[in-house]
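The structure appears right after this line, and notes come after that.
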Amino acid sequence: MSNTQDEAVTRLDSAVAEVFETMLERSCDPLEGEVDTVEGRIVARIQFTGAVDGECLLYASQATASVTAEALLGTPSEPHDPMVDDAIGELCNMIAGGWKSKLASPDSNCTISTPAVTRNGLEGYQARFGTKFSRKYSFQGNVFGVVLAF
Amino acid sequence: MRALIIDDSAVMRKVIERALRQAGLELSEVLQASNGEEALQTLRDNQGSGGLSLILSDINMPVMDGLQFLEARKQENLAHGVPVVMITTEGNESFVLRAIAAGAQGYICKPFTAEQVKARVLPLLRVA
């Protein structure tokens, strides 16, 4: 892995851990090695524009998204609750913002979009940027993935 | 006390309200808006209908963002003297300086704890 990618991964791990510990009061750890079992129908996307052009995608199964929303809100979520999509979007927003805030100047001089959430999964997704990596995380046995491209 | 929470995420509005209650604020009413334009209308509709004590606003929102809201609020002289705290993922210095120039009294970076909300908000309510 190149230095740039190494640093980006470290920043991402740190941003994810910070969001989970602070907002969900859960620890969340990266999964090392290949993990092929992440079902990801709900996808949230944030775009970076400016000194860094890129995007951050967070994807999760309906079940993981529901658990995430419950942890964030502190209340049970209903099936097809729009709050679940909203929670995944906001999680992606905070992780992307946290990653961005850890960039050194002048790279941190970029804006981030509001989150767009779809239920189309990641099939056919192709990053338009030079550097791309994906990472899987687990909290209490619930697994989700993050793709960062810039 | 009455507070206005402005955020395009309904989840975040709930999380912020919970953090305010955990901070010990006795909220009699929480008004909500999903962008700056809705928030301005809420302030216009509530003029003279009892005191609003606090406004918490996201920066990055569709339709009208938090900085535009602050500037429009100042121009229309709405909720004069009510402290505004920005809650944002944008810790970028230029955003913060622009928010303060437009009338914000403080900011809280997401992710945040209830303790951080308490530390930033309570001093403003004491002097307001």
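By convention in this document, the chains of the structure tokens carry letters A, B, ... by their order, each chain's residues are numbered from 1, and ligands are numbered from 1 in the order they are shown.
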
Sorted by chain and rising residue number, list the residues of chain A at most 12 Å from chain B (counting only C-alpha atoms), each with its closest atom pair and distance in Å to one decimal, as a Markdown table.
```
| residue | atom | partner | partner_atom | distance |
| --- | --- | --- | --- | --- |
| A:Ala15 | CA | B:Pro111 | CA | 9.5 |
| A:Val16 | CA | B:Pro111 | CA | 10.3 |
| A:Ala17 | CA | B:Pro111 | CA | 10.6 |
| A:Glu18 | CA | B:Pro111 | CA | 7.4 |
| A:Val19 | CA | B:Pro111 | CA | 5.6 |
| A:Phe20 | CA | B:Pro111 | CA | 8.7 |
| A:Glu21 | CA | B:Pro111 | CA | 9.1 |
| A:Thr22 | CA | B:Thr113 | CA | 5.9 |
| A:Met23 | CA | B:Pro111 | CA | 6.1 |
| A:Leu24 | CA | B:Pro111 | CA | 9.6 |
| A:Glu25 | CA | B:Thr113 | CA | 9.7 |
| A:Ile46 | CA | B:Asn60 | CA | 11.7 |
| A:Thr68 | CA | B:Val11 | CA | 11.4 |
| A:Ala69 | CA | B:Val11 | CA | 8.2 |
| A:Glu70 | CA | B:Val11 | CA | 10.3 |
| A:Ala71 | CA | B:Val15 | CA | 10.7 |
| A:Leu72 | CA | B:Val15 | CA | 7.4 |
| A:Leu73 | CA | B:Val15 | CA | 6.2 |
| A:Gly74 | CA | B:Val15 | CA | 8.8 |
| A:Thr75 | CA | B:Lys14 | CA | 10.5 |
| A:Ser77 | CA | B:Val11 | CA | 11.3 |
| A:Asp81 | CA | B:Val11 | CA | 11.3 |
| A:Pro82 | CA | B:Ala10 | CA | 9.4 |
| A:Met83 | CA | B:Val11 | CA | 6.3 |
| A:Val84 | CA | B:Val11 | CA | 8.6 |
| A:Asp85 | CA | B:Val11 | CA | 9.6 |
| A:Asp86 | CA | B:Ser9 | CA | 6.3 |
| A:Ala87 | CA | B:Val11 | CA | 6.0 |
| A:Ile88 | CA | B:Val11 | CA | 9.7 |
| A:Gly89 | CA | B:Ser9 | CA | 8.4 |
| A:Glu90 | CA | B:Ser9 | CA | 7.0 |
| A:Leu91 | CA | B:Pro111 | CA | 9.4 |
| A:Cys92 | CA | B:Thr89 | CA | 10.9 |
| A:Asn93 | CA | B:Thr89 | CA | 7.6 |
| A:Met94 | CA | B:Thr89 | CA | 6.2 |
| A:Ile95 | CA | B:Pro111 | CA | 8.8 |
| A:Ala96 | CA | B:Thr89 | CA | 8.6 |
| A:Gly97 | CA | B:Thr89 | CA | 5.1 |
| A:Gly98 | CA | B:Thr89 | CA | 7.0 |
| A:Trp99 | CA | B:Thr89 | CA | 10.0 |
| A:Lys100 | CA | B:Glu90 | CA | 8.8 |
| A:Ser101 | CA | B:Gly91 | CA | 6.7 |
| A:Lys102 | CA | B:Gly91 | CA | 10.1 |
| A:Leu103 | CA | B:Asn92 | CA | 10.9 |
| A:Ala104 | CA | B:Asn92 | CA | 11.3 |
| A:Ser105 | CA | B:Asn92 | CA | 10.0 |
| A:Pro106 | CA | B:Asn92 | CA | 10.9 |
| A:Asp107 | CA | B:Asn92 | CA | 11.2 |
| A:Ser108 | CA | B:Asn92 | CA | 7.7 |
| A:Asn109 | CA | B:Asn92 | CA | 7.4 |
| A:Cys110 | CA | B:Asn92 | CA | 8.9 |
| A:Thr111 | CA | B:Glu90 | CA | 8.1 |
| A:Ile112 | CA | B:Asn60 | CA | 8.0 |
| A:Ser113 | CA | B:Asn60 | CA | 7.4 |
| A:Thr114 | CA | B:Met61 | CA | 6.5 |
| A:Pro115 | CA | B:Ser9 | CA | 9.5 |
| A:Ala116 | CA | B:Pro62 | CA | 11.3 |
| A:Val117 | CA | B:Ser9 | CA | 11.9 |
```

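The residue set within 10 Å of Ala101 of chain B, counting only C-alpha atoms and dropping same-chain residues fewer than 5 places from it, reads B:Leu67, B:Leu70, B:Glu71, B:Phe95, B:Val96.
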
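Here atom CA of Gly66 of chain B is placed at a distance of 22.4 Å from atom CA of Glu55 of chain A.
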
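The residue set within 9 Å of segment 42-47 of chain B, counting only C-alpha atoms and dropping same-chain residues fewer than 5 places from it, reads Leu4, Leu31, Gln32, Ala33, Glu37, Leu52, Arg73, Leu78 and Ala79 of chain B.
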
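Assigned to strand (DSSP E or B) in segment 42-128 of chain B, given DSSP computed from backbone atoms, are B:Leu54, B:Ile55, B:Leu56, B:Ser57, B:Val84, B:Val85, B:Met86, B:Ile87, B:Thr88, B:Gly106, B:Tyr107, B:Ile108, B:Cys109.
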
Preceding selection exported with C-alpha atoms as a PDB file, in the first residue's frame:
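Saved file result.pdb follows:
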```pdb
ATOM      1  CA  LEU B  54     -31.625  29.292  21.539  1.00  0.00           C
ATOM      2  CA  ILE B  55     -30.986  28.394  17.890  1.00  0.00           C
ATOM      3  CA  LEU B  56     -28.812  25.464  16.841  1.00  0.00           C
ATOM      4  CA  SER B  57     -28.055  25.157  13.149  1.00  0.00           C
ATOM      5  CA  VAL B  84     -26.999  30.812  17.640  1.00  0.00           C
ATOM      6  CA  VAL B  85     -24.690  27.806  17.830  1.00  0.00           C
ATOM      7  CA  MET B  86     -23.608  26.096  14.623  1.00  0.00           C
ATOM      8  CA  ILE B  87     -23.399  22.301  14.703  1.00  0.00           C
ATOM      9  CA  THR B  88     -21.352  21.064  11.804  1.00  0.00           C
ATOM     10  CA  GLY B 106     -20.294  29.358  18.908  1.00  0.00           C
ATOM     11  CA  TYR B 107     -19.961  26.091  17.080  1.00  0.00           C
ATOM     12  CA  ILE B 108     -19.917  22.400  17.890  1.00  0.00           C
ATOM     13  CA  CYS B 109     -18.233  19.860  15.617  1.00  0.00           C
TER      14      CYS B 109
END
```
